[in-house]
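Following: one structure in C-alpha cells, then a few remarks.
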Amino acid sequence: MIFGTKSTKLEMSEEFNVMESGVGDLGIIFQILSGLYNDPQRIIVQEYIANARDAHREINKGDMAVDVTLPTYLESELKIRDYGPGISPDRMKNVFINYGTSTKRGDNIQTGAFGIGAKSVFCYTDSCTIETWVDGIYYNYSYMVDDDKKPKCILIDSFESSERTGTRISIYIASSDLNTVCANLYFV
C-alpha cells in the first residue's frame, strides 16, 4: 500500500533539546496491538490468506491458488500454504516478526503495509508454526509468546529441500472453534 504523505517542515530559530518518541515495554505494546481484533477466528483466516495471496502477487502470480487445510476434530490445525518467495532468515528477522515493518509499501496491489497482520495469530493463541522454503532451504520456526508476553520466533530446524518455494502457517484451532473457523474460511 502506498501511503499518502503529509509534509511538515520544522523550522527553529534557535537550538532546542529535541527528543524522539520510541517504544517502551514491548510486551505492553504487543498486548495492545493483539487486542485490536474483536473477531479472532475470522482475523486469523483473513490475515493469513491475504498474506498468502500477497506472496503470490509479489512474484507476479496473483492468480495462483493458495492451499488451505481445514482443521478437523482429528487434525486440529488450520494450515495456509503459499508458493510465493518464502521468508528468508533476513526477512524473518527484519520484517515478518517486527511490528510496523512491511514489504508491501511500494504498491497498491497488495493488502496491508502496517506490519501488524502477520502477528494476528496472537489475538487467538500463543503460538503457531511457520514453515518456509527459500532458495532450496527449508526453515521450521516456532512463533510464540514468551513468559514476558513478548513474541519470539525460534528457528527449530533447517535443511536442504527440493520443495517449492513458499510458506506454510499452521495454527492450532480449539475444538470449540472448528465450525466458526471453517465458516470464516468459506466467507473469506
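Identifiers for the C-alpha cells are assigned positionally: chains receive A, B, ... in sequence, residues are indexed from 1 per chain, and ligands are indexed from 1 in the order shown.
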Under the rule of at most 6 Å, produce a per-residue listing of stretch 35-96 of chain A near stretch 116-127 of chain A: chain, number, name, the closest pair of atoms, and the distance in Å, as JSON lines, using only C-alpha atoms.
{"residue": "A:Pro40", "atom": "CA", "partner": "A:Tyr124", "partner_atom": "CA", "distance": 5.2}
{"residue": "A:Ile44", "atom": "CA", "partner": "A:Val121", "partner_atom": "CA", "distance": 5.7}
{"residue": "A:Glu47", "atom": "CA", "partner": "A:Gly117", "partner_atom": "CA", "distance": 5.5}
**Near-A:Arg57 list (10 Å; only C-alpha atoms; drop same-chain fewer than 4 positions) as a PyMOL selection string** = chain A and resi 51-53+61-64+84-85+109-110
Go ahead and write the residues just picked, all heavy atoms, as a tab-separated table (two decimals), in the first residue's frame.
chain	number	residue	atom	x	y	z
A	51	ASN	N	-2.12	-12.55	3.31
A	51	ASN	CA	-0.65	-12.58	3.19
A	51	ASN	C	-0.21	-13.62	2.17
A	51	ASN	O	0.74	-13.38	1.41
A	51	ASN	CB	-0.01	-12.86	4.55
A	51	ASN	CG	0.00	-11.64	5.44
A	51	ASN	OD1	-0.30	-10.53	5.03
A	51	ASN	ND2	0.34	-11.85	6.70
A	52	ALA	N	-0.88	-14.77	2.13
A	52	ALA	CA	-0.53	-15.80	1.14
A	52	ALA	C	-0.82	-15.29	-0.27
A	52	ALA	O	0.00	-15.46	-1.18
A	52	ALA	CB	-1.31	-17.08	1.43
A	53	ARG	N	-1.95	-14.66	-0.45
A	53	ARG	CA	-2.30	-14.10	-1.76
A	53	ARG	C	-1.28	-13.03	-2.16
A	53	ARG	O	-0.84	-12.98	-3.30
A	53	ARG	CB	-3.71	-13.51	-1.70
A	53	ARG	CG	-4.22	-13.03	-3.03
A	53	ARG	CD	-5.55	-12.36	-2.91
A	53	ARG	NE	-5.37	-11.16	-2.08
A	53	ARG	CZ	-6.33	-10.54	-1.43
A	53	ARG	NH1	-7.55	-10.99	-1.49
A	53	ARG	NH2	-6.08	-9.47	-0.72
A	61	LYS	N	2.35	-13.77	-9.64
A	61	LYS	CA	1.50	-14.93	-9.88
A	61	LYS	C	0.25	-14.81	-9.03
A	61	LYS	O	-0.14	-15.74	-8.32
A	61	LYS	CB	2.25	-16.22	-9.59
A	61	LYS	CG	3.43	-16.42	-10.52
A	61	LYS	CD	3.92	-17.82	-10.54
A	61	LYS	CE	5.04	-17.90	-11.57
A	61	LYS	NZ	5.44	-19.22	-11.85
A	62	GLY	N	-0.39	-13.65	-9.10
A	62	GLY	CA	-1.55	-13.35	-8.27
A	62	GLY	C	-2.74	-14.26	-8.49
A	62	GLY	O	-3.60	-14.36	-7.63
A	63	ASP	N	-2.80	-14.96	-9.62
A	63	ASP	CA	-3.91	-15.86	-9.89
A	63	ASP	C	-3.67	-17.29	-9.39
A	63	ASP	O	-4.54	-18.14	-9.48
A	63	ASP	CB	-4.22	-15.88	-11.39
A	63	ASP	CG	-3.02	-16.31	-12.23
A	63	ASP	OD1	-1.89	-16.31	-11.73
A	63	ASP	OD2	-3.23	-16.62	-13.43
A	64	MET	N	-2.50	-17.53	-8.80
A	64	MET	CA	-2.17	-18.86	-8.28
A	64	MET	C	-2.98	-19.14	-7.01
A	64	MET	O	-3.18	-18.25	-6.18
A	64	MET	CB	-0.67	-18.93	-7.95
A	64	MET	CG	-0.22	-20.30	-7.46
A	64	MET	SD	1.54	-20.31	-7.00
A	64	MET	CE	2.29	-20.09	-8.58
A	84	GLY	N	4.81	-18.32	-2.75
A	84	GLY	CA	5.48	-17.05	-3.02
A	84	GLY	C	6.97	-17.16	-2.79
A	84	GLY	O	7.56	-18.25	-2.92
A	85	PRO	N	7.61	-16.06	-2.42
A	85	PRO	CA	9.08	-16.04	-2.30
A	85	PRO	C	9.61	-16.72	-1.05
A	85	PRO	O	10.81	-16.93	-0.92
A	85	PRO	CB	9.39	-14.54	-2.24
A	85	PRO	CG	8.18	-13.93	-1.64
A	85	PRO	CD	7.03	-14.74	-2.18
A	109	ILE	N	-1.31	-2.91	-4.88
A	109	ILE	CA	-1.82	-4.22	-5.31
A	109	ILE	C	-1.95	-5.16	-4.11
A	109	ILE	O	-2.87	-5.96	-4.04
A	109	ILE	CB	-0.92	-4.82	-6.40
A	109	ILE	CG1	-0.96	-3.93	-7.64
A	109	ILE	CG2	-1.33	-6.24	-6.73
A	109	ILE	CD1	0.03	-4.32	-8.70
A	110	GLN	N	-1.03	-5.06	-3.18
A	110	GLN	CA	-1.04	-5.95	-2.02
A	110	GLN	C	-1.90	-5.37	-0.90
A	110	GLN	O	-2.14	-4.17	-0.84
A	110	GLN	CB	0.39	-6.17	-1.54
A	110	GLN	CG	1.27	-6.84	-2.60
A	110	GLN	CD	2.66	-7.10	-2.10
A	110	GLN	OE1	2.88	-8.04	-1.38
A	110	GLN	NE2	3.58	-6.25	-2.50
**Request:** as JSON, numbers by chain, list the residues of stretch 75-104 of chain A assigned to strand (DSSP E or B) by DSSP on the backbone atoms of this structure.
**Result:** {"A": [77, 78, 79, 80, 81, 82]}
**Message:** I need the residue nearest A:Leu78 from this list: A:Thr167, A:Thr129, A:Ser161, A:Ser21. Use only C-alpha atoms for the distance.
**Reply:**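 For A:Leu78, the nearest of the candidates is A:Thr129.
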**Message:** Set the distance at 9 Å and use only C-alpha atoms: which residues neighbour A:Pro89 once local chain neighbours fewer than 3 positions away are removed? I'd like the list as a list in words.
**Reply:** Met92, Lys93, Asn94, Val134 and Tyr139 of chain A
**Message:** Run DSSP on the backbone and tell me which residues of stretch 133-183 of chain A come out as alpha helix (DSSP H); list them as a list of chain:residue names.
**Reply:**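 Of stretch 133-183 of chain A, only A:Leu178, A:Asn179, A:Thr180, A:Val181, A:Cys182, A:Ala183 fall in alpha helix (DSSP H).
For the pair atom CA of A:Ser162 and atom CA of A:Ile137, the interatomic distance is 7.9 Å.
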**Prompt:** Can you tell me, as a ChimeraX atom specification, what residues are no more than 8 Å from A:Tyr83 when counting only C-alpha atoms, ignoring any on the same chain fewer than 3 positions away?
**Reply:** /A:52,55-56,66,86,164-167
**Item:** Neighbour list for A:Gln31 as a ChimeraX atom specification, cut-off 10 Å, only C-alpha atoms, skip fewer than 2 positions in-chain
**Value:** /A:26-29,33-36,122-123,149-151
Could those selected residues go to a file with N, CA and C atoms, as an mmCIF file, in the first residue's frame?
data_model
loop_
_atom_site.group_PDB
_atom_site.id
_atom_site.type_symbol
_atom_site.label_atom_id
_atom_site.label_comp_id
_atom_site.auth_asym_id
_atom_site.auth_seq_id
_atom_site.Cartn_x
_atom_site.Cartn_y
_atom_site.Cartn_z
ATOM 1 N N LEU A 26 7.842 -3.452 25.194
ATOM 2 C CA LEU A 26 7.317 -4.129 24.018
ATOM 3 C C LEU A 26 6.180 -5.083 24.384
ATOM 4 N N GLY A 27 6.250 -5.705 25.545
ATOM 5 C CA GLY A 27 5.185 -6.618 25.976
ATOM 6 C C GLY A 27 3.849 -5.909 26.083
ATOM 7 N N ILE A 28 3.838 -4.690 26.603
ATOM 8 C CA ILE A 28 2.604 -3.912 26.718
ATOM 9 C C ILE A 28 2.092 -3.514 25.329
ATOM 10 N N ILE A 29 2.988 -3.033 24.478
ATOM 11 C CA ILE A 29 2.590 -2.649 23.112
ATOM 12 C C ILE A 29 2.029 -3.864 22.379
ATOM 13 N N LEU A 33 -1.710 -4.189 20.715
ATOM 14 C CA LEU A 33 -1.924 -4.477 19.298
ATOM 15 C C LEU A 33 -2.669 -5.794 19.093
ATOM 16 N N SER A 34 -2.376 -6.798 19.909
ATOM 17 C CA SER A 34 -3.068 -8.085 19.787
ATOM 18 C C SER A 34 -4.534 -7.957 20.163
ATOM 19 N N GLY A 35 -4.863 -6.997 20.999
ATOM 20 C CA GLY A 35 -6.241 -6.798 21.422
ATOM 21 C C GLY A 35 -7.069 -5.960 20.462
ATOM 22 N N LEU A 36 -6.481 -5.499 19.356
ATOM 23 C CA LEU A 36 -7.214 -4.678 18.397
ATOM 24 C C LEU A 36 -8.313 -5.458 17.678
ATOM 25 N N PHE A 122 -1.621 -14.031 17.349
ATOM 26 C CA PHE A 122 -1.580 -13.848 18.799
ATOM 27 C C PHE A 122 -2.863 -13.265 19.383
ATOM 28 N N CYS A 123 -3.798 -12.851 18.538
ATOM 29 C CA CYS A 123 -5.107 -12.456 19.063
ATOM 30 C C CYS A 123 -5.940 -13.702 19.355
ATOM 31 N N LYS A 149 5.246 -12.087 27.910
ATOM 32 C CA LYS A 149 4.195 -11.652 26.980
ATOM 33 C C LYS A 149 4.753 -10.956 25.745
ATOM 34 N N LYS A 150 5.968 -11.323 25.348
ATOM 35 C CA LYS A 150 6.591 -10.772 24.145
ATOM 36 C C LYS A 150 6.692 -11.874 23.095
ATOM 37 N N PRO A 151 6.401 -11.546 21.833
ATOM 38 C CA PRO A 151 6.527 -12.564 20.789
ATOM 39 C C PRO A 151 7.990 -12.912 20.508
#
Extract, using only C-alpha atoms, all DNA, RNA and protein residues at most 12 Å from A:Glu75, discarding same-chain residues fewer than 3 positions from it, and format them as a compact mmCIF listing (two decimals) with all heavy atoms, in the first residue's frame.
# COMPACT_ATOMS: atom_id res chain seq x y z
N THR A 69 -5.70 -26.04 4.40
CA THR A 69 -6.12 -27.29 5.02
C THR A 69 -7.02 -26.94 6.19
O THR A 69 -6.60 -26.25 7.13
CB THR A 69 -4.90 -28.10 5.52
OG1 THR A 69 -4.02 -28.33 4.41
CG2 THR A 69 -5.33 -29.42 6.12
N LEU A 70 -8.26 -27.39 6.10
CA LEU A 70 -9.23 -27.10 7.15
C LEU A 70 -8.92 -27.89 8.41
O LEU A 70 -8.53 -29.06 8.34
CB LEU A 70 -10.65 -27.46 6.69
CG LEU A 70 -11.18 -26.72 5.47
CD1 LEU A 70 -12.52 -27.32 5.04
CD2 LEU A 70 -11.35 -25.24 5.79
N PRO A 71 -9.11 -27.28 9.57
CA PRO A 71 -8.95 -28.04 10.82
C PRO A 71 -10.14 -28.97 11.02
O PRO A 71 -11.26 -28.67 10.59
CB PRO A 71 -8.91 -26.94 11.89
CG PRO A 71 -9.71 -25.82 11.31
CD PRO A 71 -9.47 -25.88 9.81
N THR A 72 -9.89 -30.11 11.63
CA THR A 72 -10.95 -31.07 11.94
C THR A 72 -10.76 -31.54 13.39
O THR A 72 -9.79 -31.18 14.05
CB THR A 72 -10.88 -32.30 11.01
OG1 THR A 72 -9.67 -33.04 11.31
CG2 THR A 72 -10.91 -31.91 9.55
N LEU A 78 -5.23 -25.39 11.43
CA LEU A 78 -5.51 -24.66 10.21
C LEU A 78 -4.17 -24.44 9.54
O LEU A 78 -3.22 -23.96 10.18
CB LEU A 78 -6.15 -23.30 10.55
CG LEU A 78 -6.20 -22.27 9.42
CD1 LEU A 78 -7.09 -22.77 8.27
CD2 LEU A 78 -6.69 -20.93 9.95
N LYS A 79 -4.06 -24.82 8.27
CA LYS A 79 -2.79 -24.66 7.54
C LYS A 79 -3.05 -23.84 6.28
O LYS A 79 -3.95 -24.16 5.51
CB LYS A 79 -2.19 -26.01 7.17
CG LYS A 79 -1.81 -26.85 8.38
CD LYS A 79 -1.24 -28.19 7.99
CE LYS A 79 -0.93 -29.01 9.24
NZ LYS A 79 -0.37 -30.31 8.89
N SER A 170 0.82 -22.81 10.32
CA SER A 170 -0.06 -23.79 10.95
C SER A 170 -0.47 -23.28 12.32
O SER A 170 0.38 -22.96 13.15
CB SER A 170 0.67 -25.14 11.10
OG SER A 170 1.08 -25.63 9.85
N ILE A 171 -1.79 -23.21 12.53
CA ILE A 171 -2.34 -22.66 13.76
C ILE A 171 -3.27 -23.69 14.39
O ILE A 171 -4.21 -24.16 13.74
CB ILE A 171 -3.13 -21.36 13.48
CG1 ILE A 171 -2.26 -20.34 12.76
CG2 ILE A 171 -3.72 -20.79 14.77
CD1 ILE A 171 -3.03 -19.18 12.16
N TYR A 172 -3.02 -24.02 15.66
CA TYR A 172 -3.90 -24.93 16.38
C TYR A 172 -5.24 -24.24 16.62
O TYR A 172 -5.29 -23.11 17.09
CB TYR A 172 -3.28 -25.33 17.72
CG TYR A 172 -4.26 -26.05 18.62
CD1 TYR A 172 -4.55 -27.39 18.43
CD2 TYR A 172 -4.92 -25.37 19.64
CE1 TYR A 172 -5.46 -28.05 19.22
CE2 TYR A 172 -5.85 -26.01 20.44
CZ TYR A 172 -6.11 -27.35 20.23
OH TYR A 172 -7.03 -27.99 21.02
N ILE A 173 -6.32 -24.95 16.29
CA ILE A 173 -7.67 -24.42 16.47
C ILE A 173 -8.38 -25.27 17.53
O ILE A 173 -8.43 -26.49 17.42
CB ILE A 173 -8.48 -24.46 15.14
CG1 ILE A 173 -7.76 -23.70 14.03
CG2 ILE A 173 -9.90 -23.94 15.36
CD1 ILE A 173 -7.53 -22.23 14.29
N ALA A 174 -8.89 -24.61 18.56
CA ALA A 174 -9.62 -25.31 19.62
C ALA A 174 -10.85 -25.99 19.03
O ALA A 174 -11.49 -25.46 18.10
CB ALA A 174 -10.04 -24.32 20.70
N SER A 175 -11.20 -27.17 19.55
CA SER A 175 -12.34 -27.92 19.00
C SER A 175 -13.63 -27.10 19.07
O SER A 175 -14.48 -27.21 18.20
CB SER A 175 -12.50 -29.26 19.72
OG SER A 175 -12.70 -29.07 21.10
N LEU A 178 -13.86 -24.95 15.79
CA LEU A 178 -13.72 -25.55 14.46
C LEU A 178 -14.78 -25.06 13.48
O LEU A 178 -14.45 -24.65 12.37
CB LEU A 178 -13.75 -27.07 14.54
CG LEU A 178 -12.53 -27.74 15.17
CD1 LEU A 178 -12.76 -29.24 15.30
CD2 LEU A 178 -11.28 -27.46 14.37
**Request:** Calculate how many Å separate atom CA of A:Glu11 from atom CA of A:Val23, rounding to one decimal.
**Result:**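 These atoms are spaced 25.8 Å apart.
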**Counting only C-alpha atoms, the residue of A:Met12, A:Val188, A:Ile87, A:Ile32 that sits nearest A:Val68** =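 Closest to A:Val68 of all the choices is A:Val188.
Of the residues under consideration (A:Ile97, A:Ile169, A:Leu74, A:Val45), A:Ile97 shows the shortest atom-to-atom contact distance to A:Val145 when counting only C-alpha atoms.
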**Request:** Find the spatial neighbours of A:Val181, counting only C-alpha atoms, within a cut-off of 7 Å - ignore same-chain residues fewer than 3 positions away - and output them as a PyMOL selection string.
**Result:** chain A and resi 41-42+177-178+184-185
**Message:** Between atom CA of A:Tyr37 and atom CA of A:Tyr99, what is the distance in Å, rounded to a tenth?
**Reply:**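 Separating atom CA of A:Tyr37 from atom CA of A:Tyr99 is a distance of 15.2 Å.
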**Item:** Given only C-alpha atoms as the counted atoms, nearest of A:Arg168, A:Asn60, A:Glu160, A:Glu14 to A:Asp82
**Value:** A:Arg168
